[in-house]
Amino acid sequence: MFEFDLVAGPVVHEVLAGNRHAVLDLVRQTYLAHEAGESVNPDSYFLRFPEKPDARIIALPSFLGSDVQLAGIKWISSFPSNTERSIPRASALLILNDYETGYPIACLEAAQISAARTAASAAVAATALRPGGYRGTRVAVIGAGIIARNVCEYLKAAGCTPDVFLVHDLQAESGHALVGHLNDVLGENAEFTADLDTALAADTVVFTTTAATPYVHSPFKPGQLALNLSLRDLDPEVILAASNVFDDVEHCMKANTSPHLAEQATGGREFVTGTLAGVLNGEVPVPDGRPVVFSPFGLGILDLALGAYVHQQARAAGKALAVPDFFAETQRW
């Protein structure tokens, strides 16, 4: 009853990398469960530092009912200056709690879980919002870090493979590294472009940057799809000129995201088209005649769903590290 496991990063990586199609299905089903009211997903809590204004640590508590029946919290740091040390920007832990007793049952390395759920949500959206497929199109990836690499891997797993990937990053070395990964590991046709406008003209534009304020000021054209994963790249006018699909509308309208800035500029939410779950269940038609922007704030329930799956797979394979006697007292008297 009082078992507690640790699941280390290499095991998390092994489970996720070997089961991308299962991860895609989990993300899809979790969105639908959330839309059906089978989850509790409070606001994220941001710990910020006066002397490090670009850094933050975020707590994402959540509960997922359905067939998961777990609560938990992801504690994820984002320190952009880490890239100057050649270490990843983000690091994270995920705690899983038993719903019956509230006791923690596992702690998992979660930066990879976070990256996978972000990438899988982008791939699910890419599939749903461009139902005609990707043959004959170009996909541009703006920002070439770990999230970008994961997005490319999940786009391929979901069958969203264009004629060419364009990669743009302010650090050319990072951009060329992602191009190499696309070419040599994923077997895709990829090119680096130093010209932002060239990237922004692609049929599908994926934003995976650390931008704090908007720098894209010209609206997209009808038929273009923007996966607004980093949330703060687009000027409010770009949002207002598009059909806008969200993972959760309320969550996205805070923390000065591009949609939040659009809401502040207009005093309303008339620009909201609906949720991705609404598209998936057929209640929201795929918008036509305008560019489409998908803005996912990143729901903790996605981390919870993937964490539960990773924990289950790790235990089944004997690769979860059990911690005996983790709790000092297991009897009330």
# chains A, B, ... in the order shown; residues from 1 in each chain; ligands from 1
call {"tool": "residues_around", "arguments": {"residues": "stretch 176-178 of chain A", "least_positions_apart": "3", "cutoff": "9 Å", "atoms": "only C-alpha atoms", "output": "number ranges by chain"}}
result
A: 144-145, 148-149, 167-169, 171-173, 181-183, 190-192
call {"tool": "write_last_selection", "arguments": {"atoms": "N, CA, C and O atoms", "output": "PDB file, in the first residue's frame"}}
result
ATOM      1  N   ALA A 144      15.401  26.210 -32.149  1.00  0.00           N
ATOM      2  CA  ALA A 144      15.923  24.880 -32.475  1.00  0.00           C
ATOM      3  C   ALA A 144      16.471  24.147 -31.262  1.00  0.00           C
ATOM      4  O   ALA A 144      17.496  23.474 -31.340  1.00  0.00           O
ATOM      5  N   GLY A 145      15.773  24.246 -30.140  1.00  0.00           N
ATOM      6  CA  GLY A 145      16.219  23.576 -28.930  1.00  0.00           C
ATOM      7  C   GLY A 145      15.630  22.189 -28.765  1.00  0.00           C
ATOM      8  O   GLY A 145      15.179  21.553 -29.734  1.00  0.00           O
ATOM      9  N   ALA A 148      11.987  21.770 -29.868  1.00  0.00           N
ATOM     10  CA  ALA A 148      11.895  21.700 -31.324  1.00  0.00           C
ATOM     11  C   ALA A 148      12.235  20.308 -31.830  1.00  0.00           C
ATOM     12  O   ALA A 148      11.563  19.767 -32.721  1.00  0.00           O
ATOM     13  N   ARG A 149      13.294  19.718 -31.279  1.00  0.00           N
ATOM     14  CA  ARG A 149      13.682  18.372 -31.693  1.00  0.00           C
ATOM     15  C   ARG A 149      12.560  17.381 -31.407  1.00  0.00           C
ATOM     16  O   ARG A 149      12.213  16.544 -32.248  1.00  0.00           O
ATOM     17  N   VAL A 167      14.444  25.386 -40.797  1.00  0.00           N
ATOM     18  CA  VAL A 167      14.804  25.633 -39.407  1.00  0.00           C
ATOM     19  C   VAL A 167      15.413  27.020 -39.291  1.00  0.00           C
ATOM     20  O   VAL A 167      16.320  27.390 -40.061  1.00  0.00           O
ATOM     21  N   HIS A 168      14.895  27.798 -38.346  1.00  0.00           N
ATOM     22  CA  HIS A 168      15.434  29.138 -38.089  1.00  0.00           C
ATOM     23  C   HIS A 168      15.733  29.271 -36.607  1.00  0.00           C
ATOM     24  O   HIS A 168      14.901  28.937 -35.752  1.00  0.00           O
ATOM     25  N   ASP A 169      16.928  29.759 -36.294  1.00  0.00           N
ATOM     26  CA  ASP A 169      17.304  30.034 -34.912  1.00  0.00           C
ATOM     27  C   ASP A 169      18.319  31.162 -34.919  1.00  0.00           C
ATOM     28  O   ASP A 169      19.139  31.265 -35.838  1.00  0.00           O
ATOM     29  N   GLN A 171      20.749  31.372 -33.052  1.00  0.00           N
ATOM     30  CA  GLN A 171      22.046  30.713 -32.948  1.00  0.00           C
ATOM     31  C   GLN A 171      22.150  29.698 -34.085  1.00  0.00           C
ATOM     32  O   GLN A 171      21.537  28.625 -34.043  1.00  0.00           O
ATOM     33  N   ALA A 172      22.917  30.062 -35.100  1.00  0.00           N
ATOM     34  CA  ALA A 172      23.009  29.209 -36.284  1.00  0.00           C
ATOM     35  C   ALA A 172      23.482  27.803 -35.943  1.00  0.00           C
ATOM     36  O   ALA A 172      23.041  26.816 -36.561  1.00  0.00           O
ATOM     37  N   GLU A 173      24.359  27.683 -34.952  1.00  0.00           N
ATOM     38  CA  GLU A 173      24.862  26.373 -34.579  1.00  0.00           C
ATOM     39  C   GLU A 173      23.733  25.452 -34.132  1.00  0.00           C
ATOM     40  O   GLU A 173      23.676  24.272 -34.511  1.00  0.00           O
ATOM     41  N   HIS A 181      19.821  16.624 -37.315  1.00  0.00           N
ATOM     42  CA  HIS A 181      18.970  15.600 -36.698  1.00  0.00           C
ATOM     43  C   HIS A 181      17.846  15.206 -37.645  1.00  0.00           C
ATOM     44  O   HIS A 181      17.545  14.008 -37.804  1.00  0.00           O
ATOM     45  N   LEU A 182      17.229  16.197 -38.274  1.00  0.00           N
ATOM     46  CA  LEU A 182      16.148  15.915 -39.219  1.00  0.00           C
ATOM     47  C   LEU A 182      16.650  15.103 -40.400  1.00  0.00           C
ATOM     48  O   LEU A 182      16.014  14.131 -40.832  1.00  0.00           O
ATOM     49  N   ASN A 183      17.802  15.480 -40.940  1.00  0.00           N
ATOM     50  CA  ASN A 183      18.344  14.797 -42.109  1.00  0.00           C
ATOM     51  C   ASN A 183      18.858  13.402 -41.772  1.00  0.00           C
ATOM     52  O   ASN A 183      18.509  12.417 -42.433  1.00  0.00           O
ATOM     53  N   ALA A 190      15.636  18.731 -44.769  1.00  0.00           N
ATOM     54  CA  ALA A 190      15.626  19.920 -43.912  1.00  0.00           C
ATOM     55  C   ALA A 190      16.712  20.886 -44.342  1.00  0.00           C
ATOM     56  O   ALA A 190      17.776  20.479 -44.818  1.00  0.00           O
ATOM     57  N   GLU A 191      16.427  22.179 -44.152  1.00  0.00           N
ATOM     58  CA  GLU A 191      17.371  23.233 -44.498  1.00  0.00           C
ATOM     59  C   GLU A 191      17.359  24.283 -43.403  1.00  0.00           C
ATOM     60  O   GLU A 191      16.337  24.519 -42.753  1.00  0.00           O
ATOM     61  N   PHE A 192      18.487  24.936 -43.213  1.00  0.00           N
ATOM     62  CA  PHE A 192      18.559  26.069 -42.293  1.00  0.00           C
ATOM     63  C   PHE A 192      18.331  27.359 -43.061  1.00  0.00           C
ATOM     64  O   PHE A 192      18.813  27.520 -44.191  1.00  0.00           O
TER      65      PHE A 192
END
call {"tool": "select_by_dssp", "arguments": {"residues": "stretch 48-145 of chain A", "states": "helix (DSSP H, G or I)", "output": "list in words"}}
result
Pro80, Ser81, Asn82, Thr83, Glu84, Arg85, Ala111, Gln112, Ile113, Ser114, Ala115, Ala116, Arg117, Thr118, Ala119, Ala120, Ser121, Ala122, Ala123, Val124, Ala125, Ala126, Thr127, Ala128 and Leu129 of chain A
call {"tool": "closest_atom_pairs", "arguments": {"of": "stretch 8-31 of chain A", "to": "stretch 301-323 of chain A", "cutoff": "7 Å", "atoms": "only C-alpha atoms", "output": "tab-separated table"}}
result
residue	atom	partner	partner_atom	distance
A:Val11	CA	A:Lys319	CA	6.9
A:Val12	CA	A:Val310	CA	6.4
A:Val15	CA	A:Val310	CA	6.2
A:Val23	CA	A:Leu306	CA	6.9
A:Leu26	CA	A:Ala305	CA	6.9
A:Val27	CA	A:Leu302	CA	6.2
A:Thr30	CA	A:Leu302	CA	6.6
call {"tool": "write_last_selection", "arguments": {"atoms": "N, CA and C atoms", "output": "PDB file, in the first residue's frame"}}
result
ATOM      1  N   VAL A  11      15.368   5.847 -18.025  1.00  0.00           N
ATOM      2  CA  VAL A  11      14.204   4.964 -18.147  1.00  0.00           C
ATOM      3  C   VAL A  11      13.031   5.720 -18.759  1.00  0.00           C
ATOM      4  N   VAL A  12      12.818   6.956 -18.315  1.00  0.00           N
ATOM      5  CA  VAL A  12      11.771   7.785 -18.906  1.00  0.00           C
ATOM      6  C   VAL A  12      11.994   7.932 -20.400  1.00  0.00           C
ATOM      7  N   VAL A  15      11.160   4.647 -22.334  1.00  0.00           N
ATOM      8  CA  VAL A  15       9.718   4.395 -22.471  1.00  0.00           C
ATOM      9  C   VAL A  15       9.101   5.327 -23.508  1.00  0.00           C
ATOM     10  N   VAL A  23       1.930   7.609 -26.898  1.00  0.00           N
ATOM     11  CA  VAL A  23       1.925   8.946 -26.310  1.00  0.00           C
ATOM     12  C   VAL A  23       0.962   9.858 -27.060  1.00  0.00           C
ATOM     13  N   LEU A  26      -2.476   8.955 -25.983  1.00  0.00           N
ATOM     14  CA  LEU A  26      -2.730   9.411 -24.618  1.00  0.00           C
ATOM     15  C   LEU A  26      -3.047  10.901 -24.575  1.00  0.00           C
ATOM     16  N   VAL A  27      -2.285  11.695 -25.304  1.00  0.00           N
ATOM     17  CA  VAL A  27      -2.527  13.139 -25.330  1.00  0.00           C
ATOM     18  C   VAL A  27      -3.895  13.433 -25.928  1.00  0.00           C
ATOM     19  N   THR A  30      -6.548  12.455 -23.433  1.00  0.00           N
ATOM     20  CA  THR A  30      -6.551  13.335 -22.257  1.00  0.00           C
ATOM     21  C   THR A  30      -7.240  14.656 -22.572  1.00  0.00           C
TER      22      THR A  30
END
call {"tool": "residues_around", "arguments": {"residues": "stretch 91-103 of chain A", "least_positions_apart": "2", "cutoff": "8 Å", "atoms": "only C-alpha atoms", "output": "number ranges by chain"}}
result
A: 2, 69-78, 88-89, 105-111, 114, 303-304, 307-308
call {"tool": "residues_around", "arguments": {"residues": "A:Val40", "least_positions_apart": "4", "cutoff": "9 Å", "atoms": "only C-alpha atoms", "output": "list in words"}}
result
His34, Pro61, Ser62, Phe63, Leu64, Gly65, Ala71 and Ile301 of chain A
call {"tool": "closest_residue", "arguments": {"among": "A:Leu129, A:Asp54, A:Gln264, A:Thr209", "to": "A:Gly278", "atoms": "only C-alpha atoms"}}
result
A:Leu129
call {"tool": "atom_distance", "arguments": {"atom1": "atom CA of A:Ala33", "atom2": "atom CA of A:Pro104"}}
result
23.0 Å
call {"tool": "select_by_dssp", "arguments": {"residues": "stretch 34-102 of chain A", "states": "strand (DSSP E or B)", "output": "MDAnalysis selection string"}}
result
chainID A and resid 39:40 45:49 52:64 70:78 90:98
call {"tool": "residues_around", "arguments": {"residues": "A:Pro236", "least_positions_apart": "3", "cutoff": "8 Å", "atoms": "only C-alpha atoms", "output": "number ranges by chain"}}
result
A: 239-240, 258-259, 261-262, 265
call {"tool": "write_last_selection", "arguments": {"atoms": "all heavy atoms", "output": "PDB file, in the first residue's frame"}}
result
ATOM      1  N   ILE A 239      -2.877  37.484 -33.800  1.00  0.00           N
ATOM      2  CA  ILE A 239      -3.912  36.654 -33.188  1.00  0.00           C
ATOM      3  C   ILE A 239      -5.298  37.070 -33.694  1.00  0.00           C
ATOM      4  O   ILE A 239      -6.119  36.224 -34.079  1.00  0.00           O
ATOM      5  CB  ILE A 239      -3.851  36.758 -31.646  1.00  0.00           C
ATOM      6  CG1 ILE A 239      -2.529  36.199 -31.114  1.00  0.00           C
ATOM      7  CG2 ILE A 239      -5.045  36.066 -31.003  1.00  0.00           C
ATOM      8  CD1 ILE A 239      -2.352  34.721 -31.268  1.00  0.00           C
ATOM      9  N   LEU A 240      -5.549  38.360 -33.718  1.00  0.00           N
ATOM     10  CA  LEU A 240      -6.873  38.861 -34.086  1.00  0.00           C
ATOM     11  C   LEU A 240      -7.213  38.598 -35.549  1.00  0.00           C
ATOM     12  O   LEU A 240      -8.388  38.527 -35.915  1.00  0.00           O
ATOM     13  CB  LEU A 240      -6.962  40.360 -33.795  1.00  0.00           C
ATOM     14  CG  LEU A 240      -6.836  40.759 -32.315  1.00  0.00           C
ATOM     15  CD1 LEU A 240      -6.807  42.268 -32.157  1.00  0.00           C
ATOM     16  CD2 LEU A 240      -7.975  40.149 -31.498  1.00  0.00           C
ATOM     17  N   SER A 258       0.425  35.762 -26.051  1.00  0.00           N
ATOM     18  CA  SER A 258      -0.101  36.524 -27.184  1.00  0.00           C
ATOM     19  C   SER A 258      -1.630  36.586 -27.175  1.00  0.00           C
ATOM     20  O   SER A 258      -2.207  37.662 -27.396  1.00  0.00           O
ATOM     21  CB  SER A 258       0.410  35.925 -28.500  1.00  0.00           C
ATOM     22  OG  SER A 258       1.811  36.089 -28.606  1.00  0.00           O
ATOM     23  N   PRO A 259      -2.347  35.477 -26.910  1.00  0.00           N
ATOM     24  CA  PRO A 259      -3.809  35.587 -26.784  1.00  0.00           C
ATOM     25  C   PRO A 259      -4.241  36.493 -25.636  1.00  0.00           C
ATOM     26  O   PRO A 259      -5.230  37.232 -25.765  1.00  0.00           O
ATOM     27  CB  PRO A 259      -4.257  34.143 -26.568  1.00  0.00           C
ATOM     28  CG  PRO A 259      -3.186  33.320 -27.182  1.00  0.00           C
ATOM     29  CD  PRO A 259      -1.915  34.065 -26.905  1.00  0.00           C
ATOM     30  N   LEU A 261      -2.613  39.091 -24.522  1.00  0.00           N
ATOM     31  CA  LEU A 261      -2.415  40.465 -24.988  1.00  0.00           C
ATOM     32  C   LEU A 261      -3.532  40.883 -25.934  1.00  0.00           C
ATOM     33  O   LEU A 261      -3.975  42.048 -25.911  1.00  0.00           O
ATOM     34  CB  LEU A 261      -1.056  40.587 -25.689  1.00  0.00           C
ATOM     35  CG  LEU A 261       0.190  40.384 -24.818  1.00  0.00           C
ATOM     36  CD1 LEU A 261       1.450  40.493 -25.670  1.00  0.00           C
ATOM     37  CD2 LEU A 261       0.237  41.394 -23.670  1.00  0.00           C
ATOM     38  N   ALA A 262      -3.998  39.947 -26.756  1.00  0.00           N
ATOM     39  CA  ALA A 262      -5.115  40.252 -27.666  1.00  0.00           C
ATOM     40  C   ALA A 262      -6.390  40.520 -26.884  1.00  0.00           C
ATOM     41  O   ALA A 262      -7.166  41.421 -27.230  1.00  0.00           O
ATOM     42  CB  ALA A 262      -5.311  39.098 -28.649  1.00  0.00           C
ATOM     43  N   ALA A 265      -6.092  43.927 -25.422  1.00  0.00           N
ATOM     44  CA  ALA A 265      -6.202  44.978 -26.437  1.00  0.00           C
ATOM     45  C   ALA A 265      -7.641  45.217 -26.861  1.00  0.00           C
ATOM     46  O   ALA A 265      -8.023  46.345 -27.201  1.00  0.00           O
ATOM     47  CB  ALA A 265      -5.348  44.617 -27.657  1.00  0.00           C
TER      48      ALA A 265
END
call {"tool": "residues_around", "arguments": {"residues": "A:Gly298", "least_positions_apart": "3", "cutoff": "10 Å", "atoms": "only C-alpha atoms", "output": "VMD selection string"}}
result
chain A and resid 44 60 114 117 to 118 121 229 to 230 246 to 248 251 to 252 295 301 to 303
call {"tool": "closest_residue", "arguments": {"among": "A:Gly274, A:Pro324, A:Gly268, A:Pro291", "to": "A:Ala242", "atoms": "only C-alpha atoms"}}
result
A:Pro291
call {"tool": "closest_residue", "arguments": {"among": "A:Pro80, A:Gly132, A:Pro10, A:Pro285", "to": "A:Gly159", "atoms": "only C-alpha atoms"}}
result
A:Gly132
call {"tool": "closest_residue", "arguments": {"among": "A:Asp25, A:Glu250, A:Asp203, A:Asp184", "to": "A:Leu227", "atoms": "only C-alpha atoms"}}
result
A:Asp203
call {"tool": "residues_around", "arguments": {"residues": "A:Ala116", "least_positions_apart": "2", "cutoff": "8 Å", "atoms": "only C-alpha atoms", "output": "list in words"}}
result
Leu16, Val23, Gln112, Ile113, Ser114, Thr118, Ala119, Ala120, Asn150 and Val151 of chain A
call {"tool": "closest_residue", "arguments": {"among": "A:Gly187, A:Pro287, A:Gly143, A:Gly136", "to": "A:Lys156", "atoms": "only C-alpha atoms"}}
result
A:Gly187
call {"tool": "closest_residue", "arguments": {"among": "A:Val245, A:Ala157, A:Val293, A:Ala123", "to": "A:Thr275", "atoms": "only C-alpha atoms"}}
result
A:Val245
call {"tool": "decode", "arguments": {"residues": "stretch 72-94 of chain A", "atoms": "N, CA, C and O atoms", "output": "mmCIF file, in the first residue's frame"}}
result
data_model
loop_
_atom_site.group_PDB
_atom_site.id
_atom_site.type_symbol
_atom_site.label_atom_id
_atom_site.label_comp_id
_atom_site.auth_asym_id
_atom_site.auth_seq_id
_atom_site.Cartn_x
_atom_site.Cartn_y
_atom_site.Cartn_z
ATOM 1 N N GLY A 72 -1.353 14.790 -9.002
ATOM 2 C CA GLY A 72 0.095 14.970 -9.056
ATOM 3 C C GLY A 72 0.477 16.412 -9.296
ATOM 4 O O GLY A 72 -0.387 17.298 -9.409
ATOM 5 N N ILE A 73 1.771 16.627 -9.372
ATOM 6 C CA ILE A 73 2.272 17.971 -9.623
ATOM 7 C C ILE A 73 3.604 17.886 -10.366
ATOM 8 O O ILE A 73 4.460 17.051 -10.050
ATOM 9 N N LYS A 74 3.726 18.725 -11.380
ATOM 10 C CA LYS A 74 5.003 18.879 -12.061
ATOM 11 C C LYS A 74 5.657 20.154 -11.560
ATOM 12 O O LYS A 74 5.013 21.195 -11.456
ATOM 13 N N TRP A 75 6.937 20.061 -11.245
ATOM 14 C CA TRP A 75 7.735 21.188 -10.760
ATOM 15 C C TRP A 75 8.842 21.381 -11.781
ATOM 16 O O TRP A 75 9.777 20.596 -11.858
ATOM 17 N N ILE A 76 8.689 22.403 -12.632
ATOM 18 C CA ILE A 76 9.579 22.549 -13.776
ATOM 19 C C ILE A 76 10.230 23.921 -13.789
ATOM 20 O O ILE A 76 9.555 24.954 -13.662
ATOM 21 N N SER A 77 11.541 23.929 -13.918
ATOM 22 C CA SER A 77 12.272 25.188 -13.975
ATOM 23 C C SER A 77 12.603 25.535 -15.420
ATOM 24 O O SER A 77 12.827 24.661 -16.256
ATOM 25 N N SER A 78 12.625 26.828 -15.698
ATOM 26 C CA SER A 78 13.042 27.331 -17.003
ATOM 27 C C SER A 78 14.057 28.437 -16.761
ATOM 28 O O SER A 78 13.706 29.527 -16.312
ATOM 29 N N PHE A 79 15.316 28.137 -17.032
ATOM 30 C CA PHE A 79 16.415 29.080 -16.868
ATOM 31 C C PHE A 79 17.092 29.258 -18.225
ATOM 32 O O PHE A 79 18.016 28.508 -18.574
ATOM 33 N N PRO A 80 16.608 30.208 -19.043
ATOM 34 C CA PRO A 80 17.133 30.364 -20.405
ATOM 35 C C PRO A 80 18.646 30.531 -20.480
ATOM 36 O O PRO A 80 19.270 30.120 -21.462
ATOM 37 N N SER A 81 19.255 31.121 -19.442
ATOM 38 C CA SER A 81 20.709 31.323 -19.481
ATOM 39 C C SER A 81 21.480 30.013 -19.443
ATOM 40 O O SER A 81 22.684 29.985 -19.712
ATOM 41 N N ASN A 82 20.811 28.917 -19.125
ATOM 42 C CA ASN A 82 21.478 27.616 -19.137
ATOM 43 C C ASN A 82 22.068 27.285 -20.502
ATOM 44 O O ASN A 82 23.090 26.593 -20.589
ATOM 45 N N THR A 83 21.420 27.769 -21.555
ATOM 46 C CA THR A 83 21.909 27.444 -22.897
ATOM 47 C C THR A 83 23.306 28.010 -23.128
ATOM 48 O O THR A 83 24.062 27.464 -23.939
ATOM 49 N N GLU A 84 23.644 29.089 -22.422
ATOM 50 C CA GLU A 84 24.989 29.646 -22.541
ATOM 51 C C GLU A 84 26.033 28.734 -21.896
ATOM 52 O O GLU A 84 27.224 28.855 -22.175
ATOM 53 N N ARG A 85 25.571 27.830 -21.030
ATOM 54 C CA ARG A 85 26.456 26.852 -20.399
ATOM 55 C C ARG A 85 26.411 25.505 -21.133
ATOM 56 O O ARG A 85 26.959 24.516 -20.654
ATOM 57 N N SER A 86 25.672 25.493 -22.246
ATOM 58 C CA SER A 86 25.503 24.268 -23.037
ATOM 59 C C SER A 86 24.786 23.172 -22.252
ATOM 60 O O SER A 86 25.054 21.979 -22.429
ATOM 61 N N ILE A 87 23.857 23.596 -21.371
ATOM 62 C CA ILE A 87 22.994 22.631 -20.689
ATOM 63 C C ILE A 87 21.550 23.019 -20.989
ATOM 64 O O ILE A 87 21.257 24.157 -21.355
ATOM 65 N N PRO A 88 20.620 22.061 -20.888
ATOM 66 C CA PRO A 88 19.231 22.357 -21.240
ATOM 67 C C PRO A 88 18.629 23.469 -20.389
ATOM 68 O O PRO A 88 18.953 23.623 -19.206
ATOM 69 N N ARG A 89 17.730 24.209 -21.017
ATOM 70 C CA ARG A 89 17.029 25.311 -20.346
ATOM 71 C C ARG A 89 16.142 24.807 -19.222
ATOM 72 O O ARG A 89 16.050 25.425 -18.158
ATOM 73 N N ALA A 90 15.482 23.670 -19.423
ATOM 74 C CA ALA A 90 14.455 23.209 -18.492
ATOM 75 C C ALA A 90 14.889 21.942 -17.761
ATOM 76 O O ALA A 90 15.597 21.089 -18.298
ATOM 77 N N SER A 91 14.444 21.825 -16.514
ATOM 78 C CA SER A 91 14.587 20.597 -15.734
ATOM 79 C C SER A 91 13.317 20.441 -14.906
ATOM 80 O O SER A 91 12.664 21.435 -14.562
ATOM 81 N N ALA A 92 12.967 19.190 -14.593
ATOM 82 C CA ALA A 92 11.664 19.004 -13.951
ATOM 83 C C ALA A 92 11.569 17.682 -13.199
ATOM 84 O O ALA A 92 12.277 16.711 -13.499
ATOM 85 N N LEU A 93 10.649 17.668 -12.238
ATOM 86 C CA LEU A 93 10.233 16.463 -11.526
ATOM 87 C C LEU A 93 8.714 16.364 -11.609
ATOM 88 O O LEU A 93 8.017 17.379 -11.699
ATOM 89 N N LEU A 94 8.216 15.136 -11.554
ATOM 90 C CA LEU A 94 6.777 14.894 -11.504
ATOM 91 C C LEU A 94 6.488 13.963 -10.331
ATOM 92 O O LEU A 94 7.117 12.912 -10.193
#
